[in-house]
Structures are given as structure tokens and as C-alpha cells.
$ cat structure_19.txt   # compact mmCIF, C-alpha atoms
# COMPACT_ATOMS: atom_id res chain seq x y z
CA MET J 1 79.06 -72.17 69.33
CA LYS J 2 76.71 -69.42 68.29
CA TYR J 3 73.65 -70.41 66.21
CA VAL J 4 74.03 -74.11 67.12
CA ASP J 5 74.08 -74.25 70.92
CA GLU J 6 70.94 -72.13 71.03
CA TYR J 7 69.05 -74.98 69.39
CA ARG J 8 70.50 -77.68 71.66
CA SER J 9 69.81 -76.11 75.05
CA GLU J 10 68.97 -78.81 77.61
CA ALA J 11 66.88 -76.42 79.70
CA SER J 12 64.80 -75.36 76.70
CA ALA J 13 64.41 -78.98 75.65
CA ARG J 14 63.03 -79.90 79.09
CA GLN J 15 60.46 -77.09 78.79
CA LEU J 16 59.37 -78.30 75.37
CA PHE J 17 59.10 -81.93 76.51
CA ALA J 18 56.90 -80.73 79.38
CA ALA J 19 54.75 -78.66 77.03
CA ILE J 20 54.30 -81.66 74.71
CA ARG J 21 53.32 -83.89 77.65
CA ASP J 22 50.80 -81.31 78.87
CA ALA J 23 49.29 -80.91 75.41
CA THR J 24 48.95 -84.63 74.64
CA THR J 25 45.71 -86.40 75.59
CA ARG J 26 45.36 -88.99 72.81
CA PRO J 27 47.54 -91.18 70.55
CA TRP J 28 48.97 -89.44 67.50
CA THR J 29 51.22 -90.60 64.67
CA ILE J 30 53.44 -87.91 63.16
CA MET J 31 55.83 -88.37 60.24
CA GLU J 32 59.04 -86.39 59.82
CA ILE J 33 59.67 -86.15 56.08
CA CYS J 34 63.42 -85.66 55.97
CA GLY J 35 66.15 -88.20 56.69
CA GLY J 36 68.23 -85.43 58.30
CA GLN J 37 65.41 -84.89 60.77
CA THR J 38 65.27 -88.64 61.42
CA HIS J 39 68.96 -88.71 62.29
CA THR J 40 68.58 -85.83 64.76
CA LEU J 41 65.57 -87.49 66.42
CA ILE J 42 67.39 -90.80 66.83
CA LYS J 43 70.81 -89.36 67.70
CA PHE J 44 69.41 -87.29 70.58
CA GLY J 45 66.88 -89.94 71.65
CA ILE J 46 63.99 -87.52 71.23
CA ASP J 47 61.58 -90.21 70.05
CA ASN J 48 62.19 -92.25 73.22
CA MET J 49 61.54 -89.28 75.53
CA LEU J 50 58.18 -88.27 74.07
CA PRO J 51 54.91 -89.34 75.71
CA ASP J 52 53.92 -92.91 74.86
CA GLU J 53 50.89 -91.57 72.99
CA ILE J 54 53.10 -89.99 70.31
CA THR J 55 54.55 -92.24 67.61
CA LEU J 56 57.09 -90.80 65.21
CA VAL J 57 57.42 -92.53 61.84
CA HIS J 58 60.05 -91.86 59.23
CA GLY J 59 59.26 -90.51 55.80
CA PRO J 60 60.68 -90.86 52.28
CA GLY J 61 62.89 -87.78 52.51
CA CYS J 62 66.24 -89.41 51.82
CA PRO J 63 67.31 -88.80 48.21
CA VAL J 64 69.59 -91.80 48.01
CA CYS J 65 66.97 -94.12 49.53
CA VAL J 66 64.21 -93.29 47.07
CA THR J 67 66.35 -93.46 43.92
CA PRO J 68 64.96 -96.59 42.24
CA LEU J 69 67.04 -99.69 41.65
CA GLU J 70 66.35 -99.36 37.95
CA MET J 71 68.00 -95.92 37.91
CA ILE J 72 71.06 -97.30 39.73
CA ASP J 73 71.33 -99.99 37.06
CA LYS J 74 71.09 -97.33 34.33
CA ALA J 75 73.87 -95.38 36.03
CA ILE J 76 76.04 -98.49 36.16
CA ALA J 77 75.38 -99.23 32.47
CA ILE J 78 76.44 -95.71 31.50
CA ALA J 79 79.47 -95.69 33.84
CA ARG J 80 80.82 -98.84 32.19
CA ARG J 81 81.08 -97.16 28.79
CA PRO J 82 84.73 -96.39 27.93
CA GLU J 83 84.03 -92.90 26.60
CA VAL J 84 82.26 -91.81 29.83
CA ILE J 85 83.45 -90.03 32.96
CA PHE J 86 80.62 -90.75 35.40
CA THR J 87 80.27 -88.35 38.34
CA SER J 88 78.18 -88.49 41.49
CA PHE J 89 78.02 -87.45 45.10
CA GLY J 90 79.70 -89.97 47.40
CA ASP J 91 76.57 -91.62 48.86
CA MET J 92 75.40 -92.86 45.48
CA LEU J 93 78.61 -94.76 44.77
CA ARG J 94 77.86 -97.45 47.37
CA VAL J 95 74.15 -97.95 46.71
CA PRO J 96 73.67 -101.51 45.47
CA GLY J 97 72.14 -102.04 42.04
CA SER J 98 70.82 -105.40 40.91
CA ASP J 99 74.29 -106.95 40.63
CA THR J 100 76.91 -104.41 41.66
CA ASP J 101 77.47 -100.76 42.59
CA LEU J 102 79.30 -97.78 41.11
CA LEU J 103 82.34 -98.26 43.36
CA ALA J 104 82.74 -101.76 41.98
CA VAL J 105 82.52 -100.37 38.45
CA LYS J 106 85.32 -97.98 39.38
CA ALA J 107 87.38 -100.89 40.76
CA GLU J 108 86.87 -102.71 37.46
CA GLY J 109 88.38 -99.76 35.59
CA GLY J 110 85.38 -97.55 34.94
CA ASP J 111 86.03 -93.81 35.18
CA VAL J 112 83.73 -93.07 38.13
CA ARG J 113 84.50 -89.93 40.10
CA MET J 114 83.04 -88.39 43.25
CA VAL J 115 82.29 -84.67 42.99
CA TYR J 116 81.08 -82.13 45.51
CA SER J 117 79.03 -80.01 43.11
CA PRO J 118 77.41 -80.49 39.69
CA LEU J 119 79.54 -77.58 38.53
CA ASP J 120 82.60 -79.78 39.21
CA ALA J 121 81.21 -82.13 36.57
CA VAL J 122 80.79 -79.25 34.12
CA ARG J 123 84.42 -78.28 34.71
CA LEU J 124 85.47 -81.89 33.96
CA ALA J 125 83.59 -81.65 30.65
CA GLN J 126 85.57 -78.52 29.82
CA ARG J 127 88.86 -80.21 30.79
CA TYR J 128 88.22 -83.44 28.84
CA PRO J 129 86.53 -82.44 25.55
CA ASP J 130 87.18 -85.91 24.06
CA ARG J 131 85.23 -87.66 26.86
CA HIS J 132 81.55 -87.43 27.80
CA VAL J 133 80.84 -86.40 31.40
CA VAL J 134 77.61 -87.57 33.07
CA PHE J 135 76.38 -86.26 36.41
CA PHE J 136 73.98 -88.42 38.45
CA ALA J 137 71.38 -85.80 39.46
CA VAL J 138 69.41 -87.16 42.41
CA GLY J 139 67.61 -85.44 45.25
CA PHE J 140 64.62 -83.32 46.12
CA GLU J 141 63.73 -79.71 45.43
CA THR J 142 66.71 -78.79 47.63
CA THR J 143 69.40 -79.95 45.21
CA ALA J 144 67.53 -79.50 41.94
CA PRO J 145 68.34 -75.77 41.53
CA ALA J 146 72.10 -76.41 41.55
CA ASN J 147 71.67 -79.14 38.95
CA ALA J 148 69.46 -76.88 36.83
CA MET J 149 72.16 -74.22 37.06
CA ALA J 150 74.81 -76.74 35.92
CA VAL J 151 72.76 -77.66 32.86
CA ARG J 152 72.13 -74.04 32.00
CA HIS J 153 75.83 -73.25 32.49
CA ALA J 154 76.85 -76.14 30.22
CA ARG J 155 74.54 -74.83 27.52
CA ALA J 156 75.96 -71.32 27.89
CA LEU J 157 79.45 -72.81 27.41
CA GLU J 158 78.14 -74.72 24.34
CA LEU J 159 79.36 -78.01 25.79
CA THR J 160 78.23 -81.05 23.82
CA ASN J 161 79.97 -83.59 26.09
CA PHE J 162 77.96 -83.06 29.30
CA SER J 163 74.65 -84.57 30.39
CA ILE J 164 72.77 -85.47 33.56
CA LEU J 165 71.01 -88.66 34.61
CA SER J 166 68.04 -87.02 36.31
CA SER J 167 66.33 -88.84 39.15
CA HIS J 168 64.92 -85.83 40.95
CA VAL J 169 61.83 -86.33 43.09
CA LEU J 170 59.32 -83.91 44.62
CA VAL J 171 57.96 -83.95 48.17
CA PRO J 172 54.31 -82.85 47.87
CA PRO J 173 53.22 -85.71 45.53
CA ALA J 174 54.87 -88.21 47.90
CA MET J 175 52.96 -86.77 50.87
CA GLU J 176 49.73 -87.12 48.92
CA ALA J 177 50.58 -90.71 47.97
CA ILE J 178 51.12 -91.57 51.65
CA LEU J 179 47.96 -89.80 52.84
CA GLY J 180 45.86 -91.26 50.03
CA SER J 181 46.94 -94.84 50.71
CA PRO J 182 44.30 -97.11 52.33
CA ASP J 183 46.84 -98.28 54.93
CA ASN J 184 48.02 -94.79 55.87
CA LEU J 185 48.82 -94.23 59.56
CA VAL J 186 50.11 -90.64 59.35
CA GLN J 187 48.01 -87.96 61.07
CA GLY J 188 50.40 -85.03 60.82
CA PHE J 189 53.67 -84.05 59.13
CA LEU J 190 56.89 -82.30 60.03
CA ALA J 191 57.80 -80.88 56.63
CA ALA J 192 61.45 -80.61 55.59
CA GLY J 193 62.71 -77.08 56.22
CA HIS J 194 65.37 -77.05 53.51
CA VAL J 195 62.90 -78.12 50.80
CA CYS J 196 60.55 -75.36 51.93
CA ALA J 197 63.42 -72.85 51.90
CA VAL J 198 63.46 -73.37 48.11
CA MET J 199 59.80 -74.04 47.34
CA GLY J 200 58.05 -72.22 50.19
CA TYR J 201 55.02 -73.87 51.77
CA TRP J 202 52.20 -72.60 49.59
CA GLU J 203 52.09 -76.04 47.92
CA TYR J 204 51.32 -77.69 51.27
CA GLU J 205 48.19 -75.75 52.12
CA PRO J 206 45.90 -77.54 49.60
CA ILE J 207 47.28 -80.90 50.82
CA ALA J 208 46.52 -80.04 54.45
CA GLU J 209 42.97 -79.04 53.53
CA ARG J 210 42.34 -82.01 51.22
CA TYR J 211 43.48 -84.66 53.71
CA LYS J 212 42.58 -82.76 56.89
CA VAL J 213 46.03 -82.92 58.46
CA PRO J 214 48.34 -80.42 60.15
CA ILE J 215 51.72 -79.78 58.51
CA VAL J 216 54.48 -77.97 60.37
CA VAL J 217 57.51 -76.72 58.44
CA THR J 218 60.37 -77.75 60.73
CA GLY J 219 64.13 -77.30 61.00
CA PHE J 220 66.79 -79.85 61.88
CA GLU J 221 68.19 -79.08 65.32
CA PRO J 222 66.77 -80.80 68.43
CA LEU J 223 64.81 -77.76 69.60
CA ASP J 224 63.48 -77.21 66.07
CA LEU J 225 62.08 -80.71 66.07
CA LEU J 226 60.68 -80.52 69.59
CA GLN J 227 58.95 -77.25 68.80
CA GLY J 228 57.65 -78.70 65.52
CA ILE J 229 56.25 -81.73 67.35
CA TYR J 230 54.65 -79.45 69.94
CA MET J 231 53.02 -77.33 67.21
CA ALA J 232 51.75 -80.45 65.42
CA VAL J 233 50.35 -81.94 68.64
CA ARG J 234 48.59 -78.66 69.46
CA MET J 235 46.97 -78.61 66.02
CA LEU J 236 45.95 -82.27 66.30
CA GLU J 237 44.50 -81.88 69.78
CA GLU J 238 42.56 -78.76 68.75
CA GLY J 239 41.31 -80.35 65.53
CA ARG J 240 42.99 -77.73 63.33
CA VAL J 241 44.33 -78.39 59.85
CA GLY J 242 46.64 -76.19 57.81
CA VAL J 243 50.32 -75.28 57.67
CA GLU J 244 52.39 -73.63 60.38
CA ASN J 245 56.01 -72.55 60.04
CA GLN J 246 58.40 -73.43 62.85
CA TYR J 247 61.45 -72.70 60.64
CA ALA J 248 60.69 -69.03 60.07
CA ARG J 249 64.37 -68.10 60.35
CA ALA J 250 64.95 -69.80 56.97
CA VAL J 251 61.58 -70.27 55.27
CA VAL J 252 58.98 -67.87 53.86
CA LYS J 253 55.71 -68.93 52.32
CA GLU J 254 56.76 -67.96 48.76
CA GLY J 255 60.14 -69.70 49.01
CA ASN J 256 63.11 -68.80 46.80
CA VAL J 257 61.32 -67.36 43.78
CA PRO J 258 64.40 -67.03 41.47
CA ALA J 259 65.34 -70.68 42.19
CA GLN J 260 61.81 -71.79 41.35
CA ALA J 261 61.99 -69.85 38.06
CA MET J 262 65.24 -71.61 37.14
CA LEU J 263 63.68 -74.99 37.92
CA ARG J 264 60.73 -74.22 35.61
CA GLU J 265 63.13 -73.16 32.86
CA VAL J 266 65.21 -76.37 32.92
CA PHE J 267 62.85 -79.05 34.27
CA ARG J 268 59.28 -80.20 33.85
CA PRO J 269 57.23 -82.40 36.23
CA CYS J 270 57.10 -86.07 35.23
CA ASP J 271 55.98 -89.40 36.65
CA ARG J 272 58.77 -90.94 38.73
CA PRO J 273 59.28 -94.36 40.36
CA TRP J 274 60.32 -94.24 44.05
CA ARG J 275 62.40 -97.11 45.39
CA GLY J 276 60.22 -99.41 47.47
CA ILE J 277 57.12 -97.31 46.86
CA GLY J 278 56.42 -97.41 43.13
CA ILE J 279 55.47 -94.81 40.55
CA ILE J 280 54.01 -91.57 41.90
CA PRO J 281 52.43 -89.39 39.21
CA LEU J 282 54.13 -86.05 38.56
CA SER J 283 56.57 -86.62 41.41
CA GLY J 284 59.82 -86.03 39.52
CA PHE J 285 61.75 -83.55 37.42
CA GLY J 286 62.68 -84.42 33.85
CA LEU J 287 64.49 -82.08 31.47
CA ASN J 288 62.41 -79.71 29.37
CA PRO J 289 62.52 -80.44 25.60
CA GLU J 290 64.82 -77.49 24.91
CA TYR J 291 67.39 -79.08 27.23
CA ALA J 292 66.98 -82.64 25.85
CA ALA J 293 70.57 -82.65 24.57
CA PHE J 294 71.65 -82.83 28.22
CA ASP J 295 69.53 -85.91 29.02
CA ALA J 296 71.83 -88.91 29.57
CA THR J 297 68.99 -91.42 29.14
CA LEU J 298 68.41 -90.20 25.58
CA ARG J 299 72.10 -90.03 24.74
CA PHE J 300 72.94 -93.54 25.97
CA ASP J 301 69.67 -95.35 25.21
CA VAL J 302 69.20 -96.98 28.63
CA GLU J 303 65.41 -96.73 28.76
CA THR J 304 65.10 -100.50 28.37
CA VAL J 305 67.04 -101.23 31.59
CA THR J 306 64.72 -102.77 34.20
CA ALA J 307 65.26 -104.16 37.71
CA SER J 308 63.46 -105.99 40.52
CA GLU J 309 63.62 -105.02 44.19
CA SER J 310 64.83 -107.33 46.97
CA GLU J 311 61.97 -109.35 48.45
CA ILE J 312 63.37 -109.20 51.99
CA CYS J 313 64.01 -105.42 52.24
CA ILE J 314 61.07 -103.51 53.78
CA ALA J 315 62.40 -100.05 52.93
CA GLY J 316 59.19 -99.08 51.16
CA GLU J 317 57.08 -99.82 54.24
CA ILE J 318 59.54 -97.90 56.43
CA MET J 319 59.43 -94.83 54.17
CA ARG J 320 55.61 -94.87 54.17
CA GLY J 321 55.54 -94.89 57.96
CA LEU J 322 54.10 -98.39 58.26
CA ARG J 323 57.09 -100.06 59.98
CA LYS J 324 60.33 -99.15 61.77
CA PRO J 325 63.85 -100.16 60.61
CA ASN J 326 64.29 -102.65 63.46
CA ASP J 327 61.11 -104.44 62.35
CA CYS J 328 63.07 -105.69 59.32
CA PRO J 329 64.14 -109.36 59.60
CA VAL J 330 67.62 -108.64 58.21
CA PHE J 331 68.28 -105.32 60.00
CA GLY J 332 71.67 -105.44 61.72
CA THR J 333 72.33 -109.03 60.66
CA ASP J 334 72.39 -109.61 56.91
CA CYS J 335 71.91 -105.86 56.30
CA THR J 336 74.57 -103.56 57.78
CA PRO J 337 76.34 -100.42 56.53
CA GLU J 338 79.25 -102.62 55.38
CA HIS J 339 76.94 -105.05 53.55
CA PRO J 340 73.68 -103.17 52.84
CA VAL J 341 70.64 -104.87 51.36
CA GLY J 342 68.63 -101.70 50.97
CA ALA J 343 69.47 -98.07 50.27
CA PRO J 344 68.27 -96.75 53.71
CA MET J 345 71.22 -98.61 55.26
CA VAL J 346 73.73 -97.03 52.84
CA SER J 347 72.74 -93.40 52.89
CA SER J 348 73.95 -90.97 55.53
CA GLU J 349 70.31 -89.80 55.69
CA GLY J 350 68.74 -93.26 55.69
CA ALA J 351 66.46 -94.29 58.57
CA CYS J 352 68.06 -97.74 58.81
CA ALA J 353 71.53 -96.16 58.99
CA ALA J 354 70.33 -93.89 61.82
CA TYR J 355 68.94 -96.81 63.83
CA TYR J 356 72.13 -98.80 63.28
CA GLN J 357 74.53 -95.91 64.01
CA TYR J 358 72.80 -94.95 67.25
CA GLY J 359 72.40 -98.44 68.67
CA ARG J 360 68.78 -99.31 67.95
CA VAL J 361 69.78 -102.81 66.89
$ encode --input "structure_19.txt" --output "C-alpha cells"
Amino acid sequence: MKYVDEYRSEASARQLFAAIRDATTRPWTIMEICGGQTHTLIKFGIDNMLPDEITLVHGPGCPVCVTPLEMIDKAIAIARRPEVIFTSFGDMLRVPGSDTDLLAVKAEGGDVRMVYSPLDAVRLAQRYPDRHVVFFAVGFETTAPANAMAVRHARALELTNFSILSSHVLVPPAMEAILGSPDNLVQGFLAAGHVCAVMGYWEYEPIAERYKVPIVVTGFEPLDLLQGIYMAVRMLEEGRVGVENQYARAVVKEGNVPAQAMLREVFRPCDRPWRGIGIIPLSGFGLNPEYAAFDATLRFDVETVTASESEICIAGEIMRGLRKPNDCPVFGTDCTPEHPVGAPMVSSEGACAAYYQYGRV
């Protein structure tokens, strides 16, 4: 298959493994940001075939995993209202809140619907003018432009029965929170290629300089990741900091400038809680005041909803690179994809789901 097989060549992989072994002289800990990258690393066993000196740890780049419990509870409270059609991508429906999940609300009679695009939710608002349609807008800079477009489209249509529950989060503040933590173990990053396709990598250069780390913008296929690891190891061994771009076929330094302009029009940076990690200043997107009519939290007055995390789930430590999924005492026993305790076991991009799916139990 053209454009896939090229990035899964066994011969090329062997050459890159050899180059990594030759370049490595000391222990290094490298974090891949994105859950999609984690799944590729685990699925192909790349982490197990690297030199023992290299430790890969898994970052907070799974949108479902970092959506805070409190936001899930707000979604459930809104979805239970009889006048509401609550819409979401499929992954979010199974994420456990404090007492239940959105699928259970649907089973109880709530009008909860899975959609494939935020524009599907806008179309529902057009079709059902006597109902209010809410879209659960989660994710990183990758998905935010489509959600911004949906809000702008709803305003152009003069819809008064559409709003979003925004739980967007931003990658650079999370990287700084990890690097600035006193228990940080991360010495270099593989940055998420799809986020950088939207935002570019100009935001990463000050971070690399401030914390003296290498950052390599990396794609998602096995050879992308091996080349990204090789580039990061080279920078670490040579004592270089800065940003290099492995994913040049999709990413330019400036990113997608029109998409960034649309984000600035609809959203503004705000403080945001991350599940298992806590509040990270200016790490989220909230709606700009001129779009406040599309803010579901204002419309349904759910700001007072609060929640407490499970005491046994170590998802926060996993997403900060401090522990691995199979370090968790309930991994694969009391916490499985069928009966998840934490969001990383539910999400198709979650690190715990990757370990479970590919037999790291």
C-alpha cells in the first residue's frame, strides 16, 4: 500500500535500530506526547527493541484521558436534561464519571448521540429547532479548529439552540508543567505531528531553550518514530537543545495559519484542569466573549459541579512519565477495557489500553 508500507519497511527499521544503538552511550528518558504514537510503539514492540539505556515514557496526549472527571460529570448533568440532545465522539460515551457514564444516561432514556463531526451536531440543531443540541468539544489543537468552525457556522445560521461544552487543552503548557515539576524524569520529547501540523513548532523553541531539552516533531508510523528517537538521541548525546522536524512531509514551522486565525477568533486561552494532573495555567481553550451564547456551561449553569478522582488510579503519574501502565495495582485485574477505572483504559489512544491490547499485562 503506497504511503503506508514505506514507513513500515523492516529493512529500514533494522538500519534505524542499528543507528540508535550506535549513537547511544548513556541512559536517556524520552517522552512521546501523543497516545497515537504510544499505540504504534507498543503495537510494533519498538520500545522493547531499543537499547536498554533508552526509556520511553508516555505523555498526556490522549484527549479522552485528560478530560477531567468534573467535566464528565457536567456532561452527564446536561445530557440528563429532557430538552437536550447531547452529542459526542464515541470514545467519550464510555468514560466513567463519578457515578455513571454517558452511555448509561442514554440507556436511562437520555437523548445522547454519537456523531462523527461537530458539524453533524450543528445539522441536528437545524433539524430539531425545539430541542437544544450540545456538542462535547474535547481534544487538543488538532480538533479545536473543526469545533471553532462549527461554532462560527452555527452563528452564521443564527442558531440559538446549539452550544458546546468546551474541554479543549493545549500541548505546550502541559510540556512545561512536566518539565517544571521537581520529580520530572523527561530529558527529551517526541512532539505530536498532527498538533504541529495545525500550530507549527515555533511555540516549542522557547520551551526547548528554557528547559534545555531537545524536541523532535514526529509522525506516527513505525519508521517515523524510530527516526524521531534517533534524532532525539543524537541531540541528547551531542548536548544540543532546540527543535528538529522529523515530520516535514506534513509540518512546517508556521503551521496552518488560517486555522490558527480561526482559533483566535472563536477561542481564548484559559486555565484548565487535566485529569490526574491538576490545573495547568493557560492550558485550555474557552470561548471568546462574543461567542458566549454558545457556551454550554453558561447556558446550563453547571459550574458548581465538582468531582473527586479515584484514589487507586495512577493515570496522572503515567501521563507525566513517572510510571508505566503495568505499574498500576489494578491494571488488567480490576481495571480492564470492559470495566475501566481510569480514562486511559477506555480511550483508543490511552496508554493503559495500548498495554492491555498488546499483551503487556
$ atom_distance --input "structure_19.txt" --atom1 "atom CA of Glu265 of chain J" --atom2 "atom CA of Ala121 of chain J"
20.5 Å
$ atom_distance --input "structure_19.txt" --atom1 "atom CA of Lys74 of chain J" --atom2 "atom CA of Arg152 of chain J"
23.4 Å
$ atom_distance --input "structure_19.txt" --atom1 "atom CA of Gln126 of chain J" --atom2 "atom CA of Ser167 of chain J"
23.7 Å
$ closest_residue --input "structure_19.txt" --among "J:Glu70, J:Leu287, J:Leu226, J:Lys106" --to "Leu41 of chain J" --atoms "only C-alpha atoms"
J:Leu226
$ residues_around --input "structure_19.txt" --residues "Trp274 of chain J" --least-positions-apart "3" --cutoff "8 Å" --atoms "all atoms listed in the file" --output "tab-separated table (two decimals) with C-alpha atoms, keeping the file's coordinate frame"
chain	number	residue	atom	x	y	z
J	66	VAL	CA	64.21	-93.29	47.07
J	67	THR	CA	66.35	-93.46	43.92
J	68	PRO	CA	64.96	-96.59	42.24
J	277	ILE	CA	57.12	-97.31	46.86
J	278	GLY	CA	56.42	-97.41	43.13
J	279	ILE	CA	55.47	-94.81	40.55
J	280	ILE	CA	54.01	-91.57	41.90
$ residues_around --input "structure_19.txt" --residues "Gly110 of chain J" --least-positions-apart "2" --cutoff "12 Å" --atoms "only C-alpha atoms" --output "list in words"
Ala75, Ile76, Ala77, Ile78, Ala79, Arg80, Arg81, Pro82, Glu83, Val84, Ile85, Phe86, Thr87, Asp101, Leu102, Leu103, Ala104, Val105, Lys106, Ala107, Glu108, Val112 and Arg113 of chain J
